[in-house]
>>> print(open('work_26.cif').read())   # mmCIF, C-alpha atoms
data_coords
loop_
_atom_site.group_PDB
_atom_site.id
_atom_site.type_symbol
_atom_site.label_atom_id
_atom_site.label_comp_id
_atom_site.auth_asym_id
_atom_site.auth_seq_id
_atom_site.Cartn_x
_atom_site.Cartn_y
_atom_site.Cartn_z
ATOM 1 C CA MET A 179 5.563 -2.410 11.654
ATOM 2 C CA VAL A 180 2.825 -1.043 9.440
ATOM 3 C CA GLU A 181 -0.659 -2.517 9.137
ATOM 4 C CA VAL A 182 -1.513 -2.679 5.437
ATOM 5 C CA ARG A 183 -5.117 -3.210 4.390
ATOM 6 C CA TYR A 184 -5.912 -4.268 0.833
ATOM 7 C CA PHE A 185 -9.132 -3.703 -1.072
ATOM 8 C CA ALA A 186 -10.756 -5.091 -4.246
ATOM 9 C CA ALA A 187 -8.297 -6.281 -6.933
ATOM 10 C CA ILE A 188 -5.223 -5.740 -4.735
ATOM 11 C CA ALA A 189 -6.714 -7.955 -2.014
ATOM 12 C CA ASP A 190 -7.362 -10.614 -4.662
ATOM 13 C CA ALA A 191 -3.804 -10.299 -6.010
ATOM 14 C CA VAL A 192 -2.128 -10.763 -2.616
ATOM 15 C CA GLY A 193 -4.695 -13.277 -1.366
ATOM 16 C CA LYS A 194 -5.536 -11.468 1.863
ATOM 17 C CA SER A 195 -7.297 -8.388 3.141
ATOM 18 C CA SER A 196 -4.538 -7.215 5.481
ATOM 19 C CA GLU A 197 -1.105 -7.941 6.873
ATOM 20 C CA ARG A 198 1.619 -6.361 8.966
ATOM 21 C CA VAL A 199 4.718 -5.328 7.049
ATOM 22 C CA ASP A 200 8.047 -4.780 8.782
ATOM 23 C CA LEU A 201 9.261 -1.354 7.674
ATOM 24 C CA PRO A 202 11.304 1.317 9.472
ATOM 25 C CA ALA A 203 9.480 4.103 11.323
ATOM 26 C CA ASP A 204 10.366 6.664 8.632
ATOM 27 C CA ALA A 205 9.241 4.479 5.686
ATOM 28 C CA THR A 206 7.444 6.057 2.732
ATOM 29 C CA VAL A 207 4.802 4.927 0.251
ATOM 30 C CA GLY A 208 7.686 4.204 -2.147
ATOM 31 C CA ASP A 209 9.316 1.936 0.437
ATOM 32 C CA LEU A 210 6.031 0.086 0.882
ATOM 33 C CA ARG A 211 5.616 -0.358 -2.885
ATOM 34 C CA ARG A 212 9.143 -1.777 -3.175
ATOM 35 C CA SER A 213 8.576 -4.133 -0.241
ATOM 36 C CA LEU A 214 5.276 -5.428 -1.622
ATOM 37 C CA SER A 215 6.712 -5.845 -5.123
ATOM 38 C CA ALA A 216 9.644 -7.804 -3.724
ATOM 39 C CA THR A 217 7.237 -10.045 -1.814
ATOM 40 C CA TYR A 218 4.521 -10.546 -4.435
ATOM 41 C CA GLY A 219 6.329 -9.976 -7.744
ATOM 42 C CA SER A 220 6.404 -7.549 -10.635
ATOM 43 C CA ASP A 221 2.753 -8.103 -11.567
ATOM 44 C CA LEU A 222 1.769 -6.498 -8.276
ATOM 45 C CA ASP A 223 4.157 -3.624 -8.960
ATOM 46 C CA THR A 224 2.179 -2.810 -12.104
ATOM 47 C CA MET A 225 -1.030 -2.691 -10.062
ATOM 48 C CA LEU A 226 0.521 -0.623 -7.265
ATOM 49 C CA LYS A 227 1.492 2.115 -9.722
ATOM 50 C CA VAL A 228 -2.200 2.964 -10.236
ATOM 51 C CA CYS A 229 -3.274 2.549 -6.605
ATOM 52 C CA ALA A 230 -3.944 5.280 -4.109
ATOM 53 C CA PHE A 231 -2.772 4.991 -0.515
ATOM 54 C CA LEU A 232 -4.906 6.210 2.367
ATOM 55 C CA ILE A 233 -2.747 7.278 5.312
ATOM 56 C CA GLY A 234 -4.793 8.707 8.137
ATOM 57 C CA ASP A 235 -7.237 10.977 6.352
ATOM 58 C CA GLU A 236 -4.938 11.754 3.400
ATOM 59 C CA LEU A 237 -5.269 9.977 0.057
ATOM 60 C CA THR A 238 -2.016 10.013 -1.916
ATOM 61 C CA ARG A 239 -0.048 8.474 -4.752
ATOM 62 C CA ASP A 240 3.121 10.364 -3.761
ATOM 63 C CA GLY A 241 5.922 7.876 -3.165
ATOM 64 C CA ARG A 242 7.629 10.317 -0.787
ATOM 65 C CA MET A 243 4.707 10.444 1.651
ATOM 66 C CA ARG A 244 5.566 8.949 5.037
ATOM 67 C CA LEU A 245 3.520 6.018 6.223
ATOM 68 C CA GLY A 246 1.464 5.931 9.381
ATOM 69 C CA GLU A 247 0.648 2.960 11.576
ATOM 70 C CA ARG A 248 -1.973 1.843 9.046
ATOM 71 C CA VAL A 249 -2.149 2.211 5.258
ATOM 72 C CA ASP A 250 -5.071 1.300 3.007
ATOM 73 C CA VAL A 251 -4.110 0.292 -0.536
ATOM 74 C CA LEU A 252 -6.914 1.286 -2.899
ATOM 75 C CA PRO A 253 -7.008 0.278 -6.556
ATOM 76 C CA PRO A 254 -9.024 2.437 -8.960
ATOM 77 C CA PHE A 255 -12.732 1.829 -8.539
ATOM 78 C CA ALA A 256 -15.228 1.801 -11.408
ATOM 79 C CA GLY A 257 -18.602 3.450 -11.239
ATOM 80 C CA GLY A 258 -19.722 6.584 -9.543
#
>>> encode(input="work_26.cif", output="structure tokens")
Amino acid sequence: MVEVRYFAAIADAVGKSSERVDLPADATVGDLRRSLSATYGSDLDTMLKVCAFLIGDELTRDGRMRLGERVDVLPPFAGG
């Protein structure tokens, strides 16, 4: 199980700020994207392609990166 936390537009799209997703221990960011797209539809897939994923203290978009116990899904933010 992976705790997934959603922020901003992604949280609005899925209708929640967090959830637990059942994925194998060796799951990757790509596996998470596929799981979320299967659950929430292709519109979310389009959004996920531009999101960054915070795993521990590492921010990544690399689909091969292994997940930790918790992943933050971060859409692009405007402003500075």
>>> atom_distance(input="work_26.cif", atom1="CA of Gly193 in chain A", atom2="CA of Tyr218 in chain A")
10.1 Å
>>> resolve_selection(input="work_26.cif", expression="the PyMOL selection byres ((chain A and resi 183) around 10)", output="list of chain:residue names")
A:Val180, A:Glu181, A:Val182, A:Tyr184, A:Phe185, A:Ile188, A:Ala189, A:Lys194, A:Ser195, A:Ser196, A:Glu197, A:Arg198, A:Phe231, A:Leu232, A:Arg248, A:Val249, A:Asp250, A:Val251, A:Leu252
>>> residues_around(input="work_26.cif", residues="Ala230 in chain A", least_positions_apart="3", cutoff="12 Å", atoms="all atoms listed in the file", output="list in words")
Tyr184, Phe185, Ile188, Val207, Gly208, Arg211, Met225, Leu226, Lys227, Ile233, Glu236, Leu237, Thr238, Arg239, Asp240, Gly241, Met243, Val249, Asp250, Val251, Leu252, Pro253, Pro254 and Phe255 of chain A
>>> write_last_selection(input="work_26.cif", atoms="C-alpha atoms", output="compact mmCIF listing (two decimals), in the coordinates of the input")
# COMPACT_ATOMS: atom_id res chain seq x y z
CA TYR A 184 -5.91 -4.27 0.83
CA PHE A 185 -9.13 -3.70 -1.07
CA ILE A 188 -5.22 -5.74 -4.74
CA VAL A 207 4.80 4.93 0.25
CA GLY A 208 7.69 4.20 -2.15
CA ARG A 211 5.62 -0.36 -2.88
CA MET A 225 -1.03 -2.69 -10.06
CA LEU A 226 0.52 -0.62 -7.26
CA LYS A 227 1.49 2.12 -9.72
CA ILE A 233 -2.75 7.28 5.31
CA GLU A 236 -4.94 11.75 3.40
CA LEU A 237 -5.27 9.98 0.06
CA THR A 238 -2.02 10.01 -1.92
CA ARG A 239 -0.05 8.47 -4.75
CA ASP A 240 3.12 10.36 -3.76
CA GLY A 241 5.92 7.88 -3.16
CA MET A 243 4.71 10.44 1.65
CA VAL A 249 -2.15 2.21 5.26
CA ASP A 250 -5.07 1.30 3.01
CA VAL A 251 -4.11 0.29 -0.54
CA LEU A 252 -6.91 1.29 -2.90
CA PRO A 253 -7.01 0.28 -6.56
CA PRO A 254 -9.02 2.44 -8.96
CA PHE A 255 -12.73 1.83 -8.54
>>> closest_residue(input="work_26.cif", among="A:Asp190, A:Gly219, A:Ser213, A:Asp200", to="Glu247 in chain A", atoms="all atoms listed in the file")
A:Asp200
>>> atom_distance(input="work_26.cif", atom1="CA of Ala191 in chain A", atom2="CA of Asp221 in chain A")
8.9 Å
>>> axis_aligned_box(input="work_26.cif", around="range 227-240 of chain A", padding_each_side="8 Å", output="lines of an AutoDock Vina configuration file")
center_x = -2.1
center_y = 6.9
center_z = -1.0
size_x = 26.4
size_y = 25.6
size_z = 34.4
>>> atom_distance(input="work_26.cif", atom1="CA of Ala203 in chain A", atom2="CA of Leu222 in chain A")
23.6 Å
>>> closest_residue(input="work_26.cif", among="A:Ala205, A:Ala187, A:Gly246, A:Ala216", to="Gly234 in chain A", atoms="all atoms listed in the file")
A:Gly246
